[in-house]
$ cat upload10.txt   # compact mmCIF, C-alpha atoms
# COMPACT_ATOMS: atom_id res chain seq x y z
CA MET A 1 170.47 90.74 68.91
CA GLY A 2 168.17 87.80 68.60
CA ARG A 3 166.32 85.72 71.08
CA GLY A 4 169.16 83.26 71.30
CA VAL A 5 171.26 85.59 73.38
CA THR A 6 170.18 85.97 76.95
CA MET A 7 170.78 89.52 78.04
CA ASN A 8 168.98 88.96 81.29
CA PRO A 9 169.69 85.51 82.69
CA ALA A 10 168.03 86.39 85.99
CA GLY A 11 164.57 85.95 84.54
CA THR A 12 161.58 87.36 82.81
CA LYS A 13 160.54 90.97 83.02
CA VAL A 14 156.98 92.19 83.52
CA TYR A 15 155.99 95.63 82.29
CA VAL A 16 153.24 97.67 83.98
CA ALA A 17 151.66 100.85 82.60
CA ASN A 18 151.08 103.31 85.46
CA TYR A 19 148.22 105.48 84.25
CA GLY A 20 148.51 108.03 87.02
CA SER A 21 152.33 108.28 87.04
CA ASN A 22 153.01 108.42 83.30
CA THR A 23 155.56 105.66 83.72
CA VAL A 24 156.13 101.99 83.02
CA SER A 25 157.43 99.85 85.89
CA VAL A 26 159.76 97.00 84.97
CA ILE A 27 159.46 94.09 87.39
CA ASP A 28 162.14 91.42 87.58
CA THR A 29 160.16 88.23 88.14
CA ALA A 30 163.08 86.44 89.74
CA THR A 31 162.94 88.83 92.68
CA ASN A 32 159.48 90.42 92.21
CA THR A 33 160.94 93.88 92.58
CA VAL A 34 160.72 96.94 90.34
CA THR A 35 164.17 97.26 88.79
CA SER A 36 163.47 100.18 86.46
CA THR A 37 160.89 102.92 85.90
CA VAL A 38 160.53 104.35 82.39
CA ASN A 39 158.93 107.73 81.66
CA VAL A 40 156.40 107.42 78.82
CA GLY A 41 153.51 109.59 77.55
CA THR A 42 150.44 110.81 79.39
CA ASN A 43 148.12 108.24 80.94
CA PRO A 44 149.69 105.01 79.66
CA LEU A 45 147.13 102.24 79.53
CA GLY A 46 147.69 99.21 77.29
CA VAL A 47 151.09 97.57 77.03
CA SER A 48 152.44 94.77 74.85
CA VAL A 49 155.84 93.12 74.40
CA ASN A 50 157.26 92.18 71.03
CA PRO A 51 157.19 88.37 71.12
CA THR A 52 160.17 87.92 68.84
CA GLY A 53 162.52 89.70 71.19
CA LYS A 54 163.21 92.44 68.67
CA MET B 17 178.71 94.83 71.38
CA ASN B 18 175.64 97.00 71.17
CA PRO B 19 172.70 94.71 71.80
CA THR B 20 169.19 95.77 70.93
CA GLY B 21 166.65 94.65 73.44
CA THR B 22 163.07 93.57 73.09
CA LYS B 23 160.62 96.34 72.32
CA VAL B 24 157.68 97.16 74.57
CA TYR B 25 154.75 99.17 73.17
CA VAL B 26 152.72 101.43 75.47
CA ALA B 27 149.50 103.20 74.46
CA ASN B 28 149.37 106.69 76.00
CA GLN B 29 145.71 107.62 76.24
CA GLY B 30 146.39 111.26 77.07
CA SER B 31 149.05 111.84 74.40
CA ASN B 32 147.50 110.03 71.42
CA THR B 33 150.78 108.21 71.00
CA VAL B 34 152.45 104.86 71.48
CA SER B 35 155.82 104.84 73.26
CA VAL B 36 158.33 102.26 72.07
CA ILE B 37 160.65 101.16 74.89
CA ASP B 38 163.93 99.42 74.15
CA THR B 39 164.39 96.98 77.02
CA ALA B 40 168.16 96.88 76.62
CA THR B 41 168.31 100.46 77.89
CA ASN B 42 164.78 100.89 79.34
CA THR B 43 164.37 104.13 77.44
CA VAL B 44 161.75 105.31 74.95
CA THR B 45 163.43 105.10 71.55
CA SER B 46 160.44 106.07 69.41
CA THR B 47 157.02 107.71 69.78
CA VAL B 48 154.31 106.85 67.26
CA ASN B 49 151.35 109.16 66.64
CA VAL B 50 148.10 107.20 66.52
CA GLY B 51 144.39 108.11 66.86
CA THR B 52 142.50 109.73 69.72
CA ASN B 53 142.56 108.05 73.15
CA PRO B 54 144.62 104.96 72.35
CA LEU B 55 143.78 102.22 74.84
CA GLY B 56 144.73 98.70 73.83
CA VAL B 57 147.85 97.55 72.02
CA ALA B 58 148.87 94.16 70.61
CA VAL B 59 151.92 93.01 68.66
CA ASN B 60 151.48 90.27 66.08
CA PRO B 61 153.32 86.97 66.71
CA MET B 62 155.86 87.75 64.01
CA GLY B 63 156.75 91.00 65.77
CA LYS B 64 156.22 93.00 62.58
CA LYS B 65 152.92 94.80 63.17
CA VAL B 66 151.35 96.58 66.11
CA TYR B 67 147.59 97.11 66.40
CA VAL B 68 146.29 99.98 68.57
CA THR B 69 142.67 100.64 69.48
CA ASN B 70 141.78 104.33 69.41
CA GLY B 71 138.84 104.66 71.78
CA GLY B 72 138.07 108.22 70.70
CA SER B 73 138.42 107.69 66.93
CA ASN B 74 136.63 104.35 66.55
CA THR B 75 139.62 103.07 64.63
CA VAL B 76 142.55 100.71 64.90
CA SER B 77 145.97 102.06 63.92
CA VAL B 78 148.32 99.54 62.32
CA PHE B 79 151.99 100.30 62.43
CA ASP B 80 155.10 98.60 61.18
CA THR B 81 157.71 97.81 63.86
CA ALA B 82 160.57 98.29 61.39
CA THR B 83 159.65 101.91 60.71
CA ASN B 84 157.35 102.81 63.64
CA THR B 85 154.97 104.58 61.28
CA VAL B 86 151.24 103.98 60.88
CA THR B 87 150.62 102.15 57.61
CA SER B 88 146.87 101.63 57.91
CA THR B 89 143.88 102.89 59.89
CA VAL B 90 140.90 100.55 60.14
CA ASN B 91 137.39 101.72 60.99
CA VAL B 92 135.87 99.53 63.68
CA GLY B 93 132.95 99.84 66.13
CA THR B 94 132.31 102.47 68.81
CA ASN B 95 134.90 102.93 71.58
CA PRO B 96 137.21 100.05 70.71
CA PHE B 97 139.17 98.84 73.72
CA GLY B 98 140.72 95.38 73.94
CA VAL B 99 142.67 93.96 71.00
CA SER B 100 144.25 90.56 70.37
CA VAL B 101 145.99 88.98 67.38
CA ASN B 102 145.58 85.29 66.52
CA PRO B 103 148.68 83.05 66.56
CA ALA B 104 148.86 82.98 62.74
CA GLY B 105 148.82 86.78 62.62
CA THR B 106 145.95 86.67 60.14
CA LYS B 107 143.11 87.98 62.30
CA VAL B 108 142.81 90.76 64.84
CA TYR B 109 139.92 90.79 67.30
CA VAL B 110 138.71 94.13 68.70
CA ALA B 111 136.21 94.61 71.53
CA ASN B 112 133.97 97.61 70.81
CA GLN B 113 132.77 98.81 74.17
CA GLY B 114 130.13 101.14 72.76
CA SER B 115 128.73 98.77 70.13
CA ASN B 116 128.58 95.56 72.19
CA THR B 117 130.43 93.81 69.40
CA VAL B 118 133.76 92.24 68.50
CA CYS B 119 135.19 93.12 65.09
CA VAL B 120 137.38 90.71 63.17
CA ILE B 121 140.04 92.42 61.07
CA ASP B 122 141.64 90.49 58.21
CA THR B 123 145.28 91.50 58.39
CA ALA B 124 145.90 90.81 54.69
CA THR B 125 143.49 93.58 53.71
CA ASN B 126 143.16 95.52 56.99
CA THR B 127 139.40 95.48 56.70
CA VAL B 128 136.69 94.26 59.06
CA THR B 129 135.42 90.97 57.66
CA SER B 130 133.07 89.98 60.47
CA THR B 131 131.30 91.55 63.45
CA VAL B 132 130.06 89.42 66.33
CA ASN B 133 127.42 90.58 68.82
CA VAL B 134 128.61 89.89 72.36
CA GLY B 135 127.46 91.06 75.83
CA THR B 136 127.22 94.60 77.21
CA ASN B 137 130.34 96.78 77.40
CA PRO B 138 132.91 94.36 75.99
CA LEU B 139 136.36 95.44 77.15
CA GLY B 140 138.97 92.71 77.11
CA VAL B 141 139.59 90.16 74.38
CA ALA B 142 142.01 87.23 74.15
CA VAL B 143 142.57 84.60 71.48
CA ASN B 144 143.54 81.11 72.65
CA PRO B 145 146.83 79.52 71.47
CA THR B 146 145.15 77.51 68.71
CA GLY B 147 143.30 80.54 67.37
CA LYS B 148 140.02 78.65 67.56
CA LYS B 149 138.44 80.43 70.52
CA VAL B 150 138.18 84.07 71.52
CA TYR B 151 137.29 85.11 75.06
CA VAL B 152 135.59 88.48 75.62
CA THR B 153 134.89 90.15 78.98
CA ASN B 154 131.52 91.89 79.07
CA GLY B 155 131.88 94.56 81.75
CA GLY B 156 128.19 95.42 81.68
CA ASN B 157 126.75 92.00 82.39
CA ASN B 158 129.45 90.18 84.35
CA THR B 159 130.05 87.51 81.76
CA VAL B 160 132.67 86.19 79.38
CA SER B 161 131.58 85.36 75.83
CA VAL B 162 133.36 82.47 74.12
CA ILE B 163 133.48 82.91 70.34
CA ASP B 164 134.20 80.04 67.96
CA THR B 165 136.44 81.67 65.36
CA ALA B 166 135.51 79.23 62.58
CA THR B 167 131.86 80.21 62.71
CA SER B 168 131.96 83.57 64.56
CA ILE B 169 129.25 82.18 66.84
CA ILE B 170 129.15 82.50 70.63
CA THR B 171 129.32 78.93 71.87
CA SER B 172 129.28 79.67 75.58
CA THR B 173 128.65 82.51 78.04
CA VAL B 174 130.38 82.20 81.40
CA ASN B 175 129.24 84.06 84.53
CA VAL B 176 132.17 85.65 86.35
CA GLY B 177 132.54 88.40 89.00
CA THR B 178 131.45 92.04 88.91
CA ASP B 179 132.79 94.30 86.14
CA PRO B 180 135.11 91.83 84.41
CA PHE B 181 137.88 93.62 82.57
CA GLY B 182 141.17 91.97 81.65
CA VAL B 183 141.40 88.47 80.20
CA SER B 184 144.34 86.20 79.44
CA VAL B 185 144.61 82.58 78.28
CA ASN B 186 147.36 80.25 79.50
CA PRO B 187 149.79 78.82 76.89
CA ALA B 188 148.13 75.39 77.04
CA GLY B 189 144.73 76.94 76.31
CA THR B 190 143.25 75.13 79.29
CA LYS B 191 142.62 78.07 81.62
CA VAL B 192 141.31 81.60 81.16
CA TYR B 193 141.99 84.23 83.82
CA VAL B 194 139.64 87.21 84.21
CA THR B 195 139.99 90.27 86.47
CA ASN B 196 136.77 91.32 88.17
CA TYR B 197 137.22 95.03 88.79
CA GLY B 198 134.22 95.33 91.08
CA SER B 199 134.79 92.12 93.06
CA ASN B 200 138.55 92.43 93.70
CA THR B 201 138.96 88.89 92.40
CA VAL B 202 140.26 86.87 89.48
CA SER B 203 138.02 84.17 88.01
CA VAL B 204 139.72 81.05 86.66
CA ILE B 205 137.74 79.43 83.84
CA ASP B 206 138.38 75.82 82.84
CA THR B 207 138.13 75.88 79.04
CA ALA B 208 137.10 72.22 78.79
CA THR B 209 133.85 72.90 80.64
CA ASN B 210 133.67 76.73 80.52
CA ASN B 211 133.03 76.74 84.25
CA VAL B 212 134.70 78.96 86.83
CA THR B 213 136.76 76.51 88.87
CA SER B 214 138.48 78.98 91.18
CA THR B 215 138.11 82.57 92.37
CA VAL B 216 141.24 84.26 93.67
CA ASN B 217 141.16 87.29 95.98
CA VAL B 218 143.57 89.97 94.73
CA GLY B 219 143.99 93.73 95.39
CA THR B 220 141.51 96.58 94.92
CA ASN B 221 140.06 97.12 91.42
CA PRO B 222 142.09 94.57 89.46
CA TRP B 223 142.37 95.53 85.81
CA GLY B 224 145.18 94.17 83.63
CA ILE B 225 146.15 90.51 83.63
CA THR B 226 148.69 88.34 81.87
CA VAL B 227 149.76 84.72 82.22
CA ASN B 228 153.48 84.11 81.93
CA HIS B 229 154.78 81.88 79.20
CA ALA B 230 155.35 78.91 81.40
CA GLY B 231 151.71 79.21 82.51
CA ILE B 232 152.74 79.03 86.16
CA LYS B 233 152.35 82.67 87.15
CA VAL B 234 149.62 85.24 86.56
CA TYR B 235 150.31 88.96 86.97
CA VAL B 236 147.42 91.28 87.91
CA THR B 237 147.46 95.08 88.18
CA ASN B 238 145.40 96.40 91.07
CA GLN B 239 144.44 99.88 90.08
CA GLY B 240 143.15 100.85 93.51
CA SER B 241 146.04 99.34 95.46
CA THR B 242 148.93 100.57 93.28
CA THR B 243 150.25 97.02 93.22
CA VAL B 244 150.76 93.97 91.03
CA CYS B 245 149.73 90.60 92.45
CA VAL B 246 151.52 87.43 91.41
CA ILE B 247 149.26 84.37 91.40
CA ASP B 248 150.72 80.86 91.51
CA THR B 249 148.55 78.86 89.10
CA ALA B 250 149.25 75.55 90.85
CA THR B 251 147.55 76.74 94.02
CA ASN B 252 145.56 79.75 92.72
CA THR B 253 146.85 81.90 95.54
CA VAL B 254 148.67 85.23 95.58
CA THR B 255 152.30 84.49 96.41
CA SER B 256 153.74 87.98 96.01
CA THR B 257 152.57 91.60 95.81
CA VAL B 258 154.76 94.25 94.15
CA ASN B 259 154.35 98.01 94.64
CA VAL B 260 154.29 99.90 91.33
CA GLY B 261 153.24 103.39 90.12
CA THR B 262 149.88 105.14 90.47
CA ASN B 263 146.82 103.54 88.88
CA PRO B 264 148.51 100.62 87.16
CA PHE B 265 146.51 99.43 84.14
CA GLY B 266 148.08 97.25 81.47
CA VAL B 267 150.59 94.51 82.18
CA ALA B 268 152.71 92.38 79.85
CA ALA B 269 155.35 89.71 80.36
CA ASP B 270 158.56 89.56 78.41
CA GLN B 271 158.32 86.61 76.08
CA ALA B 272 161.73 86.39 74.49
CA GLU B 273 163.70 86.04 77.67
CA THR B 274 161.37 83.34 78.88
CA GLU B 275 161.83 81.56 75.57
CA VAL B 276 165.58 81.74 76.07
CA CYS B 277 165.42 80.50 79.61
CA THR B 278 162.71 77.89 79.40
CA ALA B 279 161.84 77.40 75.72
CA ASN B 280 158.20 77.80 76.56
CA GLN B 281 155.36 78.56 74.26
CA VAL B 282 154.60 82.09 73.13
CA VAL B 283 151.18 83.50 73.89
CA THR B 284 149.73 86.80 72.81
CA LEU B 285 148.61 89.47 75.20
CA SER B 286 145.06 90.51 75.49
CA LEU B 287 145.20 94.19 76.32
$ encode --input "upload10.txt" --output "structure tokens"
Amino acid sequence: MGRGVTMNPAGTKVYVANYGSNTVSVIDTATNTVTSTVNVGTNPLGVSVNPTGK
Amino acid sequence: MNPTGTKVYVANQGSNTVSVIDTATNTVTSTVNVGTNPLGVAVNPMGKKVYVTNGGSNTVSVFDTATNTVTSTVNVGTNPFGVSVNPAGTKVYVANQGSNTVCVIDTATNTVTSTVNVGTNPLGVAVNPTGKKVYVTNGGNNTVSVIDTATSIITSTVNVGTDPFGVSVNPAGTKVYVTNYGSNTVSVIDTATNNVTSTVNVGTNPWGITVNHAGIKVYVTNQGSTTVCVIDTATNTVTSTVNVGTNPFGVAADQAETEVCTANQVVTLSL
């Protein structure tokens, strides 16, 4: 699925690494609310999004 | 229809891994073993390579996004932290906290081709959208070094707040936003003059920062407040505060969906 297909028409997402919770919060920027919390490894710190949408 | 979402890469300092999140399902679909104490992570503009600073190994792991395996390990300075890729994908800039330097990695050879002396305790690093300037936060002397990438010379040093950490450039290249961990503020630098033109009060111990791809919002993690502040860049005021998990550090905005919605310019993330 390429960038030309909008899977999330509501808006951009912002991803936050929660060092003390071992999670990533997903913020919907249209509403500024956390819409999902993803369990990751221990002490997540840096985070980066693939710019090509893949 | 089984759409594959954008991938998000998360450096897990305590696991010596990078988690790969598929945003279509918001689940971790792959875990990549890297060096010791991975801290910073940056994807190249083509989406093909990921660069991870290993603070405990003094290396940068390079992995391929098609296979999620490390294809190269580059020796850099001591305690590498921030990492940023230039828009052409040809150079990677690494802030070495323990060496007071920034290394320049040539991505064709995955070797360090230049090392620039900067201030004390460099942490964050961000390349501007033209690839001609690199901004480095020096946590130890409350400054931002501006490196000219053509000459690898520091052309300006900007005084900011206490313990500057994260740094992000807007898509137009006209503003640089810096979190001041010790001042609970964000400094806004005008890149035409390299002066701080605004200082925005945010939460406690701001750390990560990213400008969205329209350049109209800035997202700041407040480590001490367990929140993310949203700054409106037109007014340089906090317009929203979002509660997140404990000790939020890095923050990144989804680029692809913004491109779909607004066709705005892509900018690389600093941390």
$ residues_around --input "upload10.txt" --residues "A:Ser36" --least-positions-apart "3" --cutoff "9 Å" --atoms "all atoms listed in the file" --output "PyMOL selection string"
(chain A and resi 24-28) or (chain B and resi 42)
$ write_last_selection --input "upload10.txt" --atoms "C-alpha atoms" --output "PDB file, in the coordinates of the input"
ATOM      1  CA  VAL A  24     156.130 101.990  83.020  1.00  0.00           C
ATOM      2  CA  SER A  25     157.430  99.850  85.890  1.00  0.00           C
ATOM      3  CA  VAL A  26     159.760  97.000  84.970  1.00  0.00           C
ATOM      4  CA  ILE A  27     159.460  94.090  87.390  1.00  0.00           C
ATOM      5  CA  ASP A  28     162.140  91.420  87.580  1.00  0.00           C
TER       6      ASP A  28
ATOM      7  CA  ASN B  42     164.780 100.890  79.340  1.00  0.00           C
TER       8      ASN B  42
END
$ axis_aligned_box --input "upload10.txt" --around "stretch 182-186 of chain B" --padding-each-side "8 Å" --output "JSON"
{"center_x": 144.3, "center_y": 86.1, "center_z": 80.0, "size_x": 22.2, "size_y": 27.7, "size_z": 19.4}
$ residues_around --input "upload10.txt" --residues "stretch 168-171 of chain B" --least-positions-apart "4" --cutoff "12 Å" --atoms "only C-alpha atoms" --output "list in words"
Tyr109, Thr117, Val118, Cys119, Val120, Thr129, Ser130, Thr131, Val132, Asn133, Val134, Gly135, Lys148, Lys149, Val150, Tyr151, Val152, Val160, Ser161, Val162, Ile163, Asp164, Thr207, Thr209 and Asn210 of chain B
$ atom_distance --input "upload10.txt" --atom1 "atom CA of B:Val59" --atom2 "atom CA of B:Val101"
7.3 Å
$ residues_near_point --input "upload10.txt" --point "(161.0, 91.3, 73.4)" --cutoff "6 Å" --atoms "only C-alpha atoms" --output "number ranges by chain"
A: 49-54; B: 22-23, 270, 272
$ residues_around --input "upload10.txt" --residues "stretch 249-264 of chain B" --least-positions-apart "3" --cutoff "9 Å" --atoms "only C-alpha atoms" --output "NGL selection string"
(:A and (16-27 or 32-34 or 37 or 44-45)) or (:B and (204 or 214-219 or 223-224 or 231-234 or 237-246 or 267))
$ closest_residue --input "upload10.txt" --among "B:Thr106, B:Thr190, B:Asn228, B:Asn28" --to "B:Pro61" --atoms "all atoms listed in the file"
B:Thr106
$ closest_residue --input "upload10.txt" --among "B:Gln29, B:Thr178, B:Thr47, B:Ser184" --to "B:Ser100" --atoms "only C-alpha atoms"
B:Ser184
$ closest_residue --input "upload10.txt" --among "B:Thr146, B:Thr39, B:Val34, B:Gly105" --to "A:Val14" --atoms "only C-alpha atoms"
B:Thr39
